[in-house]
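Raw contents of structure36.txt, compact mmCIF, C-alpha atoms:
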# COMPACT_ATOMS: atom_id res chain seq x y z
CA MET A 1 -12.24 -87.93 -22.47
CA VAL A 2 -10.25 -85.02 -23.90
CA LYS A 3 -8.11 -82.63 -21.88
CA LEU A 4 -6.87 -79.30 -23.25
CA LEU A 5 -3.33 -78.16 -22.44
CA THR A 6 -2.41 -74.59 -23.38
CA ALA A 7 0.65 -72.41 -23.74
CA HIS A 8 1.36 -68.94 -25.10
CA THR A 9 4.47 -67.09 -26.24
CA THR A 10 5.28 -63.69 -27.69
CA GLU A 11 8.89 -64.67 -28.36
CA VAL A 12 9.05 -64.33 -32.13
CA ASP A 13 12.82 -63.83 -32.46
CA ASP A 14 14.38 -66.34 -30.05
CA GLU A 15 13.19 -69.82 -31.07
CA LEU A 16 14.89 -71.62 -28.18
CA LEU A 17 13.25 -69.31 -25.65
CA ALA A 18 9.87 -69.82 -27.32
CA LEU A 19 10.29 -73.60 -27.11
CA GLU A 20 11.27 -73.36 -23.45
CA GLU A 21 8.21 -71.25 -22.61
CA ILE A 22 5.89 -73.65 -24.40
CA SER A 23 7.52 -76.67 -22.74
CA GLN A 24 7.21 -75.24 -19.22
CA ARG A 25 3.57 -74.31 -19.63
CA LEU A 26 2.44 -77.56 -21.22
CA ASP A 27 4.41 -79.78 -18.84
CA LEU A 28 3.83 -82.79 -21.09
CA ARG A 29 5.71 -85.20 -18.82
CA LYS A 30 2.99 -84.71 -16.24
CA ASN A 31 -0.07 -83.95 -18.36
CA ARG A 32 0.29 -85.88 -21.60
CA ARG A 33 -2.03 -88.82 -22.19
CA LYS A 34 -1.95 -91.68 -24.69
CA ASN A 35 -3.03 -89.76 -27.83
CA SER A 36 -2.33 -86.10 -28.54
CA ILE A 37 -2.48 -83.47 -31.27
CA ALA A 38 -1.39 -79.81 -31.20
CA LEU A 39 -3.44 -76.96 -32.68
CA ILE A 40 -1.36 -73.80 -32.91
CA PHE A 41 -2.65 -70.34 -33.75
CA ARG A 42 0.05 -67.97 -34.92
CA HIS A 43 0.38 -64.32 -35.79
CA LYS A 44 1.68 -64.02 -39.37
CA TYR A 45 5.09 -62.91 -38.07
CA PHE A 46 5.64 -66.44 -36.74
CA SER A 47 6.46 -67.51 -40.29
CA ASN A 48 9.55 -69.70 -40.04
CA GLU A 49 8.73 -73.23 -41.18
CA SER A 50 11.85 -74.58 -39.51
CA PHE A 51 10.57 -73.38 -36.12
CA PHE A 52 7.36 -75.37 -36.50
CA ARG A 53 9.30 -78.43 -37.63
CA LYS A 54 11.41 -78.10 -34.47
CA LEU A 55 8.27 -77.62 -32.38
CA GLU A 56 6.62 -80.68 -33.93
CA ALA A 57 9.70 -82.78 -33.18
CA PHE A 58 9.94 -81.30 -29.69
CA LEU A 59 6.31 -82.08 -28.87
CA SER A 60 6.49 -85.46 -30.60
CA MET A 61 2.96 -85.19 -31.98
CA LYS A 62 1.12 -83.96 -35.06
CA VAL A 63 1.17 -80.16 -35.25
CA ILE A 64 -1.34 -78.11 -37.25
CA THR A 65 -0.78 -74.36 -37.33
CA ILE A 66 -3.42 -71.81 -38.35
CA THR A 67 -2.88 -68.09 -38.95
CA THR A 68 -4.89 -65.61 -36.88
CA ILE A 69 -4.80 -61.90 -36.11
CA LEU A 70 -4.89 -62.61 -32.36
CA SER A 71 -5.10 -65.57 -30.01
CA SER A 72 -5.14 -66.14 -26.28
CA THR A 73 -5.05 -68.86 -23.62
CA ASN A 74 -5.25 -68.95 -19.84
CA ASP A 75 -1.59 -67.94 -19.80
CA ALA A 76 -1.77 -64.64 -21.68
CA TYR A 77 -2.71 -62.93 -24.92
CA GLY A 78 -1.08 -60.53 -27.34
CA GLY A 79 -1.24 -59.48 -30.97
CA ILE A 80 2.15 -60.77 -32.13
CA SER A 81 1.97 -64.10 -30.39
CA LEU A 82 1.55 -67.82 -30.73
CA SER A 83 -0.96 -69.92 -28.79
CA VAL A 84 -0.62 -73.68 -28.42
CA SER A 85 -3.51 -75.98 -27.55
CA VAL A 86 -2.81 -79.67 -27.14
CA LEU A 87 -5.77 -82.04 -27.21
CA THR A 88 -4.72 -85.13 -25.23
CA SER A 89 -6.70 -88.23 -24.28
CA ASP A 90 -6.49 -91.84 -23.18
CA THR A 91 -9.85 -92.68 -24.75
CA ALA A 92 -10.01 -90.57 -27.92
CA GLU A 93 -7.91 -90.73 -31.08
CA PHE A 94 -7.18 -88.09 -33.73
CA ALA A 95 -6.87 -88.91 -37.45
CA THR A 96 -5.77 -86.10 -39.78
CA GLY A 97 -5.72 -85.37 -43.50
CA ILE A 98 -5.10 -82.51 -45.91
CA SER A 99 -6.37 -81.62 -49.38
CA GLU A 100 -5.20 -78.86 -51.70
CA SER A 101 -7.59 -79.64 -54.54
CA SER A 102 -9.51 -82.90 -54.11
CA ASP A 103 -13.16 -83.20 -53.12
CA PRO A 104 -13.75 -83.01 -49.32
CA ALA A 105 -15.59 -86.34 -49.60
CA ASP A 106 -12.40 -88.04 -50.79
CA LEU A 107 -10.45 -86.36 -48.00
CA TYR A 108 -12.90 -87.64 -45.39
CA THR A 109 -12.83 -91.19 -46.75
CA GLN A 110 -9.03 -91.27 -46.90
CA THR A 111 -8.69 -89.86 -43.38
CA ALA A 112 -11.29 -92.19 -41.88
CA ALA A 113 -9.31 -95.14 -43.28
CA LYS A 114 -6.41 -94.17 -40.99
CA THR A 115 -8.27 -95.19 -37.83
CA ALA A 116 -10.08 -98.34 -36.71
CA LEU A 117 -12.44 -96.29 -34.53
CA SER A 118 -15.64 -94.63 -35.71
CA PRO A 119 -15.35 -90.84 -36.03
CA LYS A 120 -17.70 -88.87 -33.77
CA ALA A 121 -16.82 -85.29 -34.78
CA ILE A 122 -14.82 -83.41 -37.40
CA PHE A 123 -12.54 -80.45 -36.78
CA VAL A 124 -12.02 -78.40 -39.94
CA PHE A 125 -9.36 -75.78 -40.73
CA SER A 126 -9.11 -74.16 -44.13
CA THR A 127 -7.91 -71.13 -46.07
CA ILE A 128 -10.10 -68.94 -48.28
CA TYR A 129 -7.98 -70.00 -51.26
CA TYR A 130 -9.15 -73.63 -51.12
CA THR A 131 -11.05 -74.85 -54.19
CA PHE A 132 -14.34 -75.46 -52.34
CA SER A 133 -16.15 -72.73 -50.41
CA GLY A 134 -16.86 -73.13 -46.70
CA SER A 135 -20.53 -73.79 -47.41
CA GLU A 136 -19.62 -76.52 -49.92
CA GLN A 137 -17.16 -78.09 -47.48
CA VAL A 138 -19.83 -78.32 -44.78
CA ARG A 139 -22.45 -79.75 -47.14
CA ILE A 140 -20.12 -82.39 -48.58
CA LEU A 141 -18.56 -83.41 -45.26
CA SER A 142 -21.98 -83.62 -43.63
CA GLU A 143 -23.32 -85.85 -46.40
CA THR A 144 -20.22 -88.06 -46.46
CA SER A 145 -19.89 -88.47 -42.70
CA GLY A 146 -23.54 -89.04 -41.88
CA ASN A 147 -23.92 -85.56 -40.35
CA LEU A 148 -21.16 -85.74 -37.77
CA PRO A 149 -20.77 -82.40 -35.96
CA ILE A 150 -18.30 -80.10 -37.75
CA PHE A 151 -16.34 -77.43 -35.89
CA GLY A 152 -13.43 -75.24 -36.89
CA SER A 153 -11.96 -72.05 -38.27
CA VAL A 154 -10.62 -70.37 -41.41
CA SER A 155 -7.03 -69.12 -41.33
CA CYS A 156 -7.02 -65.31 -41.50
CA THR A 157 -5.12 -62.08 -41.65
CA LEU A 158 -6.55 -58.61 -42.23
CA PRO A 159 -6.53 -57.84 -45.08
CA HIS A 160 -6.28 -61.28 -46.66
CA SER A 161 -2.93 -62.39 -48.05
CA GLU A 162 -2.32 -65.70 -49.79
CA ASN A 163 1.20 -65.88 -48.38
CA ASP A 164 0.02 -65.24 -44.81
CA ASP A 165 -3.38 -67.00 -44.75
CA SER A 166 -1.76 -70.41 -44.65
CA ILE A 167 -1.82 -73.63 -42.63
CA TYR A 168 1.25 -75.54 -41.50
CA TYR A 169 0.89 -79.31 -41.99
CA ASP A 170 3.50 -82.04 -42.47
CA GLY A 171 6.49 -79.72 -42.38
CA THR A 172 5.37 -76.93 -44.68
CA PHE A 173 2.88 -74.07 -45.10
CA HIS A 174 -0.06 -74.59 -47.49
CA ALA A 175 -1.84 -71.54 -48.94
CA GLY A 176 -4.92 -73.16 -50.46
CA CYS A 177 -5.97 -76.16 -48.42
CA LEU A 178 -8.45 -77.96 -46.23
CA VAL A 179 -7.27 -79.85 -43.14
CA ILE A 180 -9.57 -82.15 -41.18
CA ILE A 181 -9.17 -83.90 -37.84
CA LEU A 182 -11.46 -86.83 -37.14
CA LEU A 183 -12.11 -87.15 -33.40
CA CYS A 184 -12.75 -90.80 -32.64
CA GLY A 185 -13.36 -92.90 -29.55
CA ASP A 186 -14.77 -91.96 -26.16
CA PHE A 187 -15.24 -88.24 -25.44
CA LYS A 188 -18.01 -85.73 -24.82
CA ALA A 189 -18.17 -82.39 -26.61
CA SER A 190 -20.80 -79.67 -26.85
CA PHE A 191 -21.03 -76.83 -29.37
CA SER A 192 -22.42 -73.30 -29.14
CA SER A 193 -22.73 -70.36 -31.53
CA LEU A 194 -24.03 -66.80 -31.60
CA THR A 195 -24.52 -64.60 -34.66
CA SER A 196 -23.34 -61.02 -34.19
CA PRO A 197 -26.21 -58.61 -33.53
CA ILE A 198 -27.03 -55.99 -36.15
CA ASN A 199 -29.27 -53.16 -35.05
CA LYS A 200 -28.52 -50.56 -37.71
CA PHE A 201 -29.25 -50.87 -41.43
CA LEU A 202 -28.07 -48.84 -44.43
CA VAL A 203 -30.44 -50.38 -46.99
CA ARG A 204 -33.29 -52.83 -46.39
CA ASN A 205 -35.51 -55.20 -48.38
CA ILE A 206 -33.20 -56.00 -51.30
CA GLU A 207 -34.12 -58.98 -53.47
CA VAL A 208 -31.31 -61.35 -54.42
CA THR A 209 -32.10 -62.00 -58.08
CA LYS A 210 -29.03 -63.89 -59.34
CA THR A 211 -26.24 -65.83 -57.64
CA GLU A 212 -23.71 -68.56 -58.31
CA LYS A 213 -22.84 -70.32 -55.06
CA ASN A 214 -21.00 -67.64 -53.04
CA ILE A 215 -20.92 -65.10 -55.90
CA LEU A 216 -23.57 -62.41 -55.71
CA LYS A 217 -24.39 -61.41 -59.28
CA GLU A 218 -27.61 -59.37 -59.19
CA LEU A 219 -29.61 -57.40 -56.63
CA ASP A 220 -33.09 -56.19 -57.61
CA GLY A 221 -32.26 -57.10 -61.21
CA LYS A 222 -29.08 -55.00 -61.41
CA PRO A 223 -25.43 -56.06 -61.21
CA ALA A 224 -24.78 -56.42 -57.50
CA ALA A 225 -21.98 -53.86 -57.32
CA THR A 226 -23.96 -51.38 -59.42
CA PHE A 227 -26.95 -51.64 -57.08
CA LEU A 228 -24.83 -51.07 -53.98
CA ARG A 229 -23.00 -48.13 -55.59
CA GLU A 230 -26.28 -46.48 -56.54
CA ALA A 231 -27.53 -47.07 -52.99
CA GLY A 232 -24.45 -45.30 -51.63
CA VAL A 233 -23.20 -48.39 -49.81
CA ILE A 234 -19.94 -48.87 -51.69
CA HIS A 235 -17.79 -46.74 -53.99
CA ASP A 236 -15.19 -47.37 -56.66
CA GLY A 237 -11.92 -48.55 -55.16
CA ILE A 238 -13.44 -49.52 -51.79
CA ASP A 239 -10.79 -51.22 -49.69
CA ALA A 240 -11.10 -54.77 -48.41
CA LEU A 241 -11.52 -53.87 -44.74
CA SER A 242 -14.33 -51.41 -45.48
CA LEU A 243 -16.10 -54.08 -47.51
CA LEU A 244 -15.77 -56.62 -44.72
CA SER A 245 -17.44 -54.21 -42.31
CA LEU A 246 -20.68 -54.07 -44.34
CA PRO A 247 -22.57 -57.31 -43.60
CA LEU A 248 -25.45 -58.49 -45.71
CA CYS A 249 -28.14 -60.07 -43.58
CA SER A 250 -31.53 -61.74 -43.67
CA GLU A 251 -34.11 -61.41 -40.92
CA LYS A 252 -36.63 -63.74 -39.33
CA GLY A 253 -39.11 -62.75 -36.68
CA GLY A 254 -37.61 -59.26 -36.50
CA LYS A 255 -34.11 -60.58 -35.75
CA VAL A 256 -31.06 -61.14 -37.93
CA SER A 257 -31.00 -64.85 -38.80
CA HIS A 258 -28.05 -65.06 -41.20
CA ILE A 259 -25.10 -62.91 -42.23
CA TRP A 260 -23.03 -62.86 -45.40
CA ILE A 261 -19.70 -61.05 -45.51
CA MET A 262 -18.63 -59.43 -48.79
CA ASP A 263 -15.01 -60.10 -49.68
CA THR A 264 -14.26 -58.87 -53.21
CA VAL A 265 -15.89 -56.62 -55.81
CA HIS A 266 -15.12 -57.61 -59.41
CA ASP A 267 -15.08 -55.21 -62.37
CA ASN A 268 -18.04 -57.04 -63.95
CA GLY A 269 -20.23 -56.17 -60.96
CA ASP A 270 -20.01 -59.54 -59.21
CA ILE A 271 -19.40 -59.62 -55.46
CA VAL A 272 -17.71 -62.57 -53.80
CA CYS A 273 -19.12 -63.48 -50.38
CA HIS A 274 -17.59 -65.76 -47.74
CA THR A 275 -20.60 -68.10 -47.77
CA ASP A 276 -23.08 -69.31 -50.38
CA ILE A 277 -26.16 -67.16 -50.93
CA SER A 278 -29.41 -68.28 -52.60
CA GLU A 279 -31.54 -66.50 -55.17
CA GLY A 280 -34.91 -65.23 -53.99
CA LYS A 281 -33.77 -64.13 -50.55
CA THR A 282 -34.60 -60.70 -49.18
CA ILE A 283 -31.57 -59.12 -47.55
CA SER A 284 -30.42 -55.86 -45.99
CA VAL A 285 -27.07 -54.11 -45.61
CA GLY A 286 -26.26 -53.60 -41.95
CA LEU A 287 -23.66 -52.17 -39.62
CA MET A 288 -22.11 -53.89 -36.62
CA GLU A 289 -21.60 -51.52 -33.70
CA GLN A 290 -19.04 -51.80 -30.92
CA ASN A 291 -21.40 -51.83 -27.94
CA HIS A 292 -23.53 -54.57 -29.48
CA ILE A 293 -20.47 -56.73 -30.17
CA LEU A 294 -19.30 -56.44 -26.56
CA ASN A 295 -22.79 -57.14 -25.26
CA SER A 296 -22.99 -60.23 -27.47
CA VAL A 297 -19.70 -61.71 -26.24
CA THR A 298 -20.82 -61.17 -22.65
CA LYS A 299 -24.11 -62.93 -23.37
CA PHE A 300 -22.37 -65.80 -25.17
CA LEU A 301 -19.86 -66.37 -22.38
CA GLU A 302 -22.45 -66.18 -19.60
CA GLU A 303 -24.78 -68.63 -21.34
CA ASN A 304 -22.23 -71.12 -22.68
CA ILE A 305 -18.84 -70.79 -20.96
CA GLU A 306 -18.95 -69.26 -17.47
CA GLY A 307 -19.17 -71.79 -14.65
CA LYS A 308 -18.97 -74.80 -16.99
CA ASN A 309 -16.50 -77.53 -16.03
CA LYS A 310 -15.20 -77.98 -19.57
CA ASN A 311 -12.13 -77.20 -21.67
CA PHE A 312 -13.01 -74.74 -24.43
CA ILE A 313 -11.89 -73.81 -27.92
CA ILE A 314 -13.48 -70.50 -28.90
CA PHE A 315 -13.43 -68.77 -32.30
CA SER A 316 -14.67 -65.25 -33.01
CA CYS A 317 -14.99 -63.88 -36.53
CA ALA A 318 -12.33 -61.32 -37.43
CA VAL A 319 -15.12 -59.09 -38.78
CA ARG A 320 -16.19 -58.56 -35.18
CA SER A 321 -12.76 -57.04 -34.48
CA ILE A 322 -13.37 -54.46 -37.23
CA ALA A 323 -16.55 -53.37 -35.45
CA LEU A 324 -14.42 -52.99 -32.30
CA GLY A 325 -12.12 -50.62 -34.13
CA PHE A 326 -9.41 -53.32 -34.09
CA ASN A 327 -9.41 -53.11 -30.30
CA TYR A 328 -8.79 -56.85 -30.08
CA ASP A 329 -8.14 -56.75 -26.36
CA ALA A 330 -11.72 -55.69 -25.65
CA GLU A 331 -13.28 -59.01 -26.63
CA VAL A 332 -10.36 -61.12 -25.41
CA ALA A 333 -10.51 -59.47 -21.97
CA PHE A 334 -14.12 -60.62 -21.54
CA VAL A 335 -13.15 -64.17 -22.50
CA SER A 336 -10.31 -64.15 -19.97
CA GLN A 337 -12.55 -62.86 -17.18
CA LYS A 338 -15.37 -65.35 -17.77
CA THR A 339 -13.35 -68.52 -18.47
CA ASN A 340 -11.74 -70.24 -15.49
CA THR A 341 -11.06 -73.61 -17.13
CA PRO A 342 -8.42 -74.27 -19.84
CA TYR A 343 -9.29 -72.51 -23.07
CA LEU A 344 -7.97 -71.31 -26.38
CA PHE A 345 -9.44 -68.26 -28.12
CA ALA A 346 -8.60 -67.16 -31.67
CA TYR A 347 -10.03 -64.85 -34.29
CA SER A 348 -11.10 -66.59 -37.48
CA GLY A 349 -11.94 -65.87 -41.10
CA GLY A 350 -15.10 -67.98 -40.91
CA GLU A 351 -16.57 -70.40 -38.38
CA TYR A 352 -17.66 -74.02 -38.70
CA CYS A 353 -20.15 -75.02 -36.03
CA PRO A 354 -23.24 -77.19 -35.52
CA THR A 355 -26.44 -75.27 -34.79
CA SER A 356 -30.07 -76.28 -34.24
CA HIS A 357 -30.35 -76.43 -38.05
CA GLY A 358 -27.41 -78.82 -38.45
CA ASN A 359 -23.82 -78.09 -39.46
CA ASN A 360 -23.17 -74.58 -40.71
CA PHE A 361 -20.43 -72.42 -42.12
CA LEU A 362 -20.89 -69.08 -40.38
CA THR A 363 -19.48 -65.58 -40.58
CA ALA A 364 -19.60 -62.70 -38.09
CA SER A 365 -20.21 -65.24 -35.32
CA ILE A 366 -18.64 -66.46 -32.11
CA VAL A 367 -18.55 -70.24 -31.61
CA SER A 368 -17.20 -72.73 -29.09
CA CYS A 369 -16.48 -76.39 -28.54
CA GLY A 370 -16.43 -77.58 -24.93
CA PHE A 371 -14.78 -80.85 -23.93
CA GLU A 372 -15.78 -82.59 -20.71
CA GLU A 373 -12.73 -83.92 -18.85
CA SER A 374 -14.62 -86.67 -17.04
What does the file become when written as structure tokens?
Amino acid sequence: MVKLLTAHTTEVDDELLALEEISQRLDLRKNRRKNSIALIFRHKYFSNESFFRKLEAFLSMKVITITTILSSTNDAYGGISLSVSVLTSDTAEFATGISESSDPADLYTQTAAKTALSPKAIFVFSTIYYTFSGSEQVRILSETSGNLPIFGSVSCTLPHSENDDSIYYDGTFHAGCLVIILLCGDFKASFSSLTSPINKFLVRNIEVTKTEKNILKELDGKPAATFLREAGVIHDGIDALSLLSLPLCSEKGGKVSHIWIMDTVHDNGDIVCHTDISEGKTISVGLMEQNHILNSVTKFLEENIEGKNKNFIIFSCAVRSIALGFNYDAEVAFVSQKTNTPYLFAYSGGEYCPTSHGNNFLTASIVSCGFEES
């Protein structure tokens, strides 16, 4: 089984003090089991590679560090902070690998060769600058692994920055990369997800007439950006954060079934989305509202987290924080109130999570992985 140990520090200037705080809270002499790995979520101001090398040596385990706008644990939360979550187990093993350009299938095969045990789940951490989109990563890893459950997060800052949206692995930060952890051996994990509710629409019933993977080229036969400008949705020079706050969505049975987040508008009229989008779909442009976001996190926690005897890793899309007016504490406070077992919460730039339809790369969602201790 897998146990989650957590620690939190806001000490960005004094490295020795930060190490002491982390050491006291983890208490590895007492809590560490046979196999361990550390997942660390850092504010971009925790940017000193030498600190993470010291931390990796201090913990004496593999350390993977992902950038986030905010993270929290049972200990505390804060914007400029660093949260540590150690997965430790006597019965499970963790094999890791990184790719900066190669096919995710090759990365999976190479990583699986590092362990004699059969993988049972894949944790995925990436940056938006990796060669393959999140949707492609999920498709390829699912096919290669025989549809093992895939869970994880995209490194993020707001707005995006290639220098800041990085992952620490093997002693250095990597800007464009994919990191996987194969969870092998004996453990039990469950996965949950909830797409953010959208109850207000700016434009409805738009036909997607031309795409190329995650690039939206035409809407209703016009260049995508031209259509949205004429509809009054976007304007010349729209900033990145405003664009992120305008989700594209499809509906099924009167409810939003999928969301695409727009990331970049190109001069030729193309719009880059976080996830792949298919031609022939009918979509709308929506708005996420603060009260609906808070209601959704309450619903998610009550249905999937509260009262469960599990250790949780929870990711919430950074786009949700925009709808909250960057009041990060609002969502985190609900998580803290509803979660009595060890947990780590972090905002993400995209969410990997199994759903009833198989593995998915999601946006504007909140997702969780719960480990049973026994």
Need the neighbours of (-32.7, -61.2, -56.2): which residues are at most 10 Å away, counting only C-alpha atoms, as a PDB file with C-alpha atoms, in the frame of the given file?
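Once written, point-v2.pdb looks like this:
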ATOM      1  CA  ILE A 206     -33.200 -56.000 -51.300  1.00  0.00           C
ATOM      2  CA  GLU A 207     -34.120 -58.980 -53.470  1.00  0.00           C
ATOM      3  CA  VAL A 208     -31.310 -61.350 -54.420  1.00  0.00           C
ATOM      4  CA  THR A 209     -32.100 -62.000 -58.080  1.00  0.00           C
ATOM      5  CA  LYS A 210     -29.030 -63.890 -59.340  1.00  0.00           C
ATOM      6  CA  THR A 211     -26.240 -65.830 -57.640  1.00  0.00           C
ATOM      7  CA  LEU A 216     -23.570 -62.410 -55.710  1.00  0.00           C
ATOM      8  CA  LYS A 217     -24.390 -61.410 -59.280  1.00  0.00           C
ATOM      9  CA  GLU A 218     -27.610 -59.370 -59.190  1.00  0.00           C
ATOM     10  CA  LEU A 219     -29.610 -57.400 -56.630  1.00  0.00           C
ATOM     11  CA  ASP A 220     -33.090 -56.190 -57.610  1.00  0.00           C
ATOM     12  CA  GLY A 221     -32.260 -57.100 -61.210  1.00  0.00           C
ATOM     13  CA  LYS A 222     -29.080 -55.000 -61.410  1.00  0.00           C
ATOM     14  CA  ALA A 224     -24.780 -56.420 -57.500  1.00  0.00           C
ATOM     15  CA  SER A 278     -29.410 -68.280 -52.600  1.00  0.00           C
ATOM     16  CA  GLU A 279     -31.540 -66.500 -55.170  1.00  0.00           C
ATOM     17  CA  GLY A 280     -34.910 -65.230 -53.990  1.00  0.00           C
ATOM     18  CA  LYS A 281     -33.770 -64.130 -50.550  1.00  0.00           C
ATOM     19  CA  THR A 282     -34.600 -60.700 -49.180  1.00  0.00           C
ATOM     20  CA  ILE A 283     -31.570 -59.120 -47.550  1.00  0.00           C
TER      21      ILE A 283
END
Exercise: residues within 8 Å of coordinate (-14.4, -85.6, -46.1), counting all atoms listed in the file, as a ChimeraX atom specification: /A:103-111,140-141,144-145,180
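Nearest to Glu162 (chain A) of all the residues A:Leu202, A:Cys184, A:Glu56, A:Tyr130 is A:Tyr130, counting all atoms listed in the file.
Minimum distance to Leu158 (chain A) across A:Ile322, A:Cys369, A:Ile198, A:Ile64 (counting all atoms listed in the file) occurs at A:Ile322.
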Mind checking which residues fall within 8 Å of region 284-288 of chain A, counting all atoms listed in the file, ignoring those fewer than 5 positions away in the same chain, and posting them as an mmCIF file with C-alpha atoms, keeping the file's coordinate frame?
data_model
loop_
_atom_site.group_PDB
_atom_site.id
_atom_site.type_symbol
_atom_site.label_atom_id
_atom_site.label_comp_id
_atom_site.auth_asym_id
_atom_site.auth_seq_id
_atom_site.Cartn_x
_atom_site.Cartn_y
_atom_site.Cartn_z
ATOM 1 C CA SER A 196 -23.340 -61.020 -34.190
ATOM 2 C CA PRO A 197 -26.210 -58.610 -33.530
ATOM 3 C CA ILE A 198 -27.030 -55.990 -36.150
ATOM 4 C CA ASN A 199 -29.270 -53.160 -35.050
ATOM 5 C CA LYS A 200 -28.520 -50.560 -37.710
ATOM 6 C CA PHE A 201 -29.250 -50.870 -41.430
ATOM 7 C CA LEU A 202 -28.070 -48.840 -44.430
ATOM 8 C CA VAL A 203 -30.440 -50.380 -46.990
ATOM 9 C CA ARG A 204 -33.290 -52.830 -46.390
ATOM 10 C CA ASN A 205 -35.510 -55.200 -48.380
ATOM 11 C CA ILE A 206 -33.200 -56.000 -51.300
ATOM 12 C CA SER A 245 -17.440 -54.210 -42.310
ATOM 13 C CA LEU A 246 -20.680 -54.070 -44.340
ATOM 14 C CA PRO A 247 -22.570 -57.310 -43.600
ATOM 15 C CA LEU A 248 -25.450 -58.490 -45.710
ATOM 16 C CA CYS A 249 -28.140 -60.070 -43.580
ATOM 17 C CA SER A 250 -31.530 -61.740 -43.670
ATOM 18 C CA ILE A 293 -20.470 -56.730 -30.170
ATOM 19 C CA ARG A 320 -16.190 -58.560 -35.180
ATOM 20 C CA ALA A 323 -16.550 -53.370 -35.450
#
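Closest approach to Ile314 (chain A) from the set A:Ala330, A:Ile277, A:Leu194, A:Met262 is made by A:Leu194, with distances taken over all atoms listed in the file.
Remark: for Leu178 (chain A), the closest of the candidate residues A:Leu39, A:Ala116, A:Ala225, A:Ile66 is A:Ile66 (distances computed over all atoms listed in the file).
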Can you write region 35-47 of chain A from the block above with N, CA and C atoms, as a CSV table (one decimal), in the first residue's frame?
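Output contents, as saved in selection.csv:
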chain,number,residue,atom,x,y,z
A,35,ASN,N,10.2,1.8,-0.2
A,35,ASN,CA,10.4,2.6,-1.5
A,35,ASN,C,9.7,3.9,-1.4
A,36,SER,N,10.4,5.0,-1.9
A,36,SER,CA,9.8,6.3,-1.7
A,36,SER,C,10.1,7.2,-2.9
A,37,ILE,N,9.3,8.1,-3.2
A,37,ILE,CA,9.5,9.2,-4.2
A,37,ILE,C,8.9,10.5,-3.8
A,38,ALA,N,9.5,11.6,-4.0
A,38,ALA,CA,9.0,12.9,-3.6
A,38,ALA,C,8.5,13.7,-4.8
A,39,LEU,N,7.2,14.1,-4.7
A,39,LEU,CA,6.6,15.0,-5.7
A,39,LEU,C,6.5,16.4,-5.0
A,40,ILE,N,7.2,17.4,-5.6
A,40,ILE,CA,7.2,18.7,-5.0
A,40,ILE,C,6.6,19.7,-5.9
A,41,PHE,N,5.7,20.5,-5.3
A,41,PHE,CA,5.0,21.6,-6.1
A,41,PHE,C,5.5,22.9,-5.6
A,42,ARG,N,6.1,23.7,-6.5
A,42,ARG,CA,6.8,24.9,-6.1
A,42,ARG,C,6.2,26.2,-6.7
A,43,HIS,N,6.1,27.3,-6.0
A,43,HIS,CA,5.9,28.6,-6.6
A,43,HIS,C,7.2,28.9,-7.4
A,44,LYS,N,7.0,29.7,-8.5
A,44,LYS,CA,8.1,29.9,-9.4
A,44,LYS,C,9.3,30.6,-8.7
A,45,TYR,N,9.0,31.3,-7.6
A,45,TYR,CA,10.1,31.9,-6.9
A,45,TYR,C,11.1,30.9,-6.2
A,46,PHE,N,10.7,29.7,-6.0
A,46,PHE,CA,11.6,28.7,-5.5
A,46,PHE,C,12.3,28.1,-6.8
A,47,SER,N,13.3,28.9,-7.2
A,47,SER,CA,13.9,28.6,-8.5
A,47,SER,C,15.4,28.2,-8.5
